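Printed here is start.txt (compact mmCIF, C-alpha atoms):
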```txt
# COMPACT_ATOMS: atom_id res chain seq x y z
CA MET A 1 24.61 -18.06 15.12
CA PHE A 2 25.22 -15.65 12.26
CA GLY A 3 25.18 -18.24 9.51
CA SER A 4 28.37 -18.09 7.51
CA ILE A 5 30.06 -15.37 9.64
CA GLY A 6 32.83 -16.88 11.70
CA ILE A 7 34.75 -15.66 14.72
CA THR A 8 37.49 -14.10 12.61
CA GLU A 9 34.98 -11.99 10.67
CA LEU A 10 33.41 -10.79 13.92
CA VAL A 11 36.81 -9.81 15.33
CA LEU A 12 37.63 -7.96 12.10
CA ILE A 13 34.35 -6.06 12.28
CA LEU A 14 35.01 -5.17 15.94
CA VAL A 15 38.50 -3.86 15.07
CA ILE A 16 37.12 -1.71 12.24
CA VAL A 17 34.42 -0.31 14.55
CA MET A 18 37.02 0.53 17.21
CA ILE A 19 39.19 2.29 14.62
CA ILE A 20 36.28 4.35 13.29
CA PHE A 21 34.56 5.28 16.57
CA GLY A 22 37.28 4.83 19.19
CA ALA A 23 37.16 2.89 22.44
CA GLY A 24 35.44 5.75 24.30
CA LYS A 25 32.33 5.72 22.15
CA LEU A 26 31.80 1.94 22.16
CA PRO A 27 29.69 1.96 25.37
CA GLN A 28 27.51 4.71 23.92
CA LEU A 29 27.08 2.78 20.68
CA GLY A 30 26.19 -0.38 22.59
CA GLU A 31 23.68 1.51 24.72
CA GLY A 32 22.09 3.11 21.66
CA LEU A 33 21.92 -0.22 19.85
CA GLY A 34 20.37 -1.89 22.91
CA LYS A 35 17.73 0.84 23.21
CA ALA A 36 16.93 0.56 19.52
CA ILE A 37 16.45 -3.20 19.74
CA LYS A 38 14.36 -2.84 22.90
CA GLY A 39 12.16 -0.19 21.24
CA PHE A 40 11.73 -2.36 18.17
CA LYS A 41 10.65 -5.36 20.23
CA LYS A 42 8.23 -3.21 22.22
CA SER A 43 6.62 -1.82 19.07
CA VAL A 44 6.28 -5.29 17.57
CA HIS A 45 4.54 -6.57 20.70
CA GLU A 46 2.26 -3.51 20.81
CA ALA A 47 1.35 -4.01 17.14
CA ASP A 48 0.49 -7.66 17.86
CA ALA A 49 -1.66 -6.59 20.83
CA ILE A 50 -3.48 -3.97 18.74
CA GLU A 51 -4.09 -6.50 15.97
CA ALA A 52 -5.40 -9.09 18.44
CA GLU A 53 -7.70 -6.47 19.99
CA ALA A 54 -9.07 -5.50 16.57
CA GLN A 55 -9.74 -9.14 15.74
CA ALA A 56 -11.54 -9.61 19.07
CA GLN A 57 -13.73 -6.56 18.36
CA ALA A 58 -14.52 -7.83 14.87
CA GLN A 59 -15.43 -11.22 16.30
CA ALA A 60 -17.67 -9.54 18.89
CA GLN A 61 -19.42 -7.57 16.14
CA VAL A 62 -20.00 -10.74 14.13
CA THR A 63 -21.55 -12.54 17.10
CA THR A 64 -23.81 -9.60 18.05
CA ALA A 65 -24.95 -8.75 14.50
CA PRO A 66 -28.61 -9.56 13.70
CA ARG A 67 -29.31 -12.33 11.25
CA GLY A 68 -29.15 -11.41 7.59
CA VAL A 69 -26.76 -8.53 8.24
CA ASP A 70 -23.13 -8.80 7.24
CA ALA A 71 -21.15 -7.37 10.17
CA GLY A 72 -18.14 -6.69 7.95
CA ALA A 73 -20.13 -4.59 5.48
CA PRO A 74 -20.46 -0.91 6.34
CA GLN A 75 -23.97 0.24 7.15
CA ALA A 76 -25.30 3.01 4.88
CA GLN A 77 -26.42 5.93 7.02
CA PRO A 78 -27.44 9.39 5.86
CA PRO A 79 -25.25 12.28 6.93
CA PRO A 80 -26.47 13.97 10.12
CA ASP A 81 -27.40 17.20 8.32
CA GLN A 82 -29.85 15.44 5.98
CA ALA A 83 -33.33 14.18 6.85
CA PRO A 84 -33.89 10.42 6.84
CA PRO A 85 -35.47 8.96 3.70
CA GLN A 86 -39.26 9.07 3.57
CA THR A 87 -41.47 6.01 3.55
CA ALA A 88 -43.73 5.01 0.67
CA ALA A 89 -46.83 6.49 2.39
CA ALA A 90 -45.24 9.91 2.84
CA PRO A 91 -45.28 10.96 -0.89
CA ALA A 92 -49.02 10.22 -1.12
CA GLU A 93 -49.69 12.36 1.94
CA GLN A 94 -47.60 15.16 0.44
CA GLN A 95 -49.60 15.04 -2.78
CA GLN A 96 -52.86 15.32 -0.84
CA GLN A 97 -51.54 18.28 1.13
CA GLN A 98 -50.37 20.01 -2.05
CA ALA A 99 -53.73 19.42 -3.78
CA ALA A 100 -55.80 20.82 -0.90
CA PRO A 101 -56.14 24.59 -0.81
CA PRO A 102 -54.56 26.33 2.15
CA PRO A 103 -56.93 27.24 4.98
CA PRO A 104 -58.24 30.80 4.93
CA LYS A 105 -56.42 33.27 7.12
CA ALA A 106 -58.42 35.23 9.64
```

Since I need it in another form, could you write the structure as structure tokens?
Amino acid sequence: MFGSIGITELVLILVIVMIIFGAGKLPQLGEGLGKAIKGFKKSVHEADAIEAEAQAQAQAQVTTAPRGVDAGAPQAQPPPDQAPPQTAAAPAEQQQQQAAPPPPKA
């Protein structure tokens, strides 16, 4: 079970633990050790569940992505406080508006 540790080594370890902590604290130590192992197992299973959920979401993104778009690559979007980029026709319209004199004020 423990590889090269035999029954005599386990008994020796138990005796040393009883000398250090005393017989009264052994149930508390066992309870603490049991809770620690239980918490560790729970966290491992939760991590596996989170990882599986992330993989499922990634797979769903890949299947719903339009053709020619890499679902794993981040999409470049302008920050919300900036205006979206202008099209090619917009600069020509701006030049015409700048060239025309402003209308007379009444």

Shell around segment 3-20 of chain A at 12 Å using all atoms listed in the file, local window under 6 positions removed, as a PDB file with C-alpha atoms, keeping the file's coordinate frame:
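New file around.pdb:
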```
ATOM      1  CA  LEU A  26      31.800   1.940  22.160  1.00  0.00           C
ATOM      2  CA  PRO A  27      29.690   1.960  25.370  1.00  0.00           C
ATOM      3  CA  LEU A  29      27.080   2.780  20.680  1.00  0.00           C
ATOM      4  CA  GLY A  30      26.190  -0.380  22.590  1.00  0.00           C
TER       5      GLY A  30
END
```

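Interatomic distance, atom CA of Gln61 of chain A against atom CA of Ala47 of chain A: 21.1 Å.
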
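The interatomic distance for the pair atom CA of Lys41 of chain A and atom CA of Gly24 of chain A works out to 27.5 Å.
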
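Atom CA of Gly34 of chain A sits 25.8 Å away from atom CA of Glu51 of chain A.
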
Axis-aligned box for all listed atoms of segment 33-42 of chain A, 3 Å per side, centre and edges in Å to one decimal, as lines of an AutoDock Vina configuration file:
```
center_x = 15.1
center_y = -2.3
center_z = 20.7
size_x = 19.7
size_y = 12.2
size_z = 11.0
```
